[in-house]
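Peer 1: My structure is below; once you've seen it, I'll send some questions.
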Amino acid sequence: MNDQSLKQKKLIFFDGVCVLCRKSIDLILRRDKTRKFGFLTLQSELAAEILSCHWESNEVTDNLSSLVYLRNG
């Protein structure tokens with residue numbers, strides 16, 4: 001994804017290891033017919049880079065028991 005598409009997407013960050021999180025994303029994907037959501041695992045470098053703009057520390061990526069929704073950048 002490029003910077004422009006990231007700003008326009010509704011991004012959901014999730015724990016890529018957690019089965020419950022992955023099943024939740026599967027459910028969203030099945031219902032998202034217009035593909036308006038983008039998904040990134042909290043473990044990814046891109047997620048850390050994006051989320052660091054919104055939080056001073058790594059509080060979200062350090063605590064992987066979260067789903068994070070970021071709308072329009």
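Chain labels run A, B, ... following the order of the structure tokens; each chain numbers its residues from 1, and ligands are numbered from 1 in the order shown.
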For A:Val68, please output as a list in words all residues within 7 Å (counting only C-alpha atoms; exclusion window: fewer than 2 positions along the same chain).
Peer 2: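 Counting only the stated atoms, we get Ile12, Phe13, Phe14, Ser66 and Leu70 of chain A.
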Peer 1: In Å, how far is it from atom CA of A:Asp15 to atom CA of A:Leu40?
Peer 2: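 These two atoms are separated by 8.7 Å.
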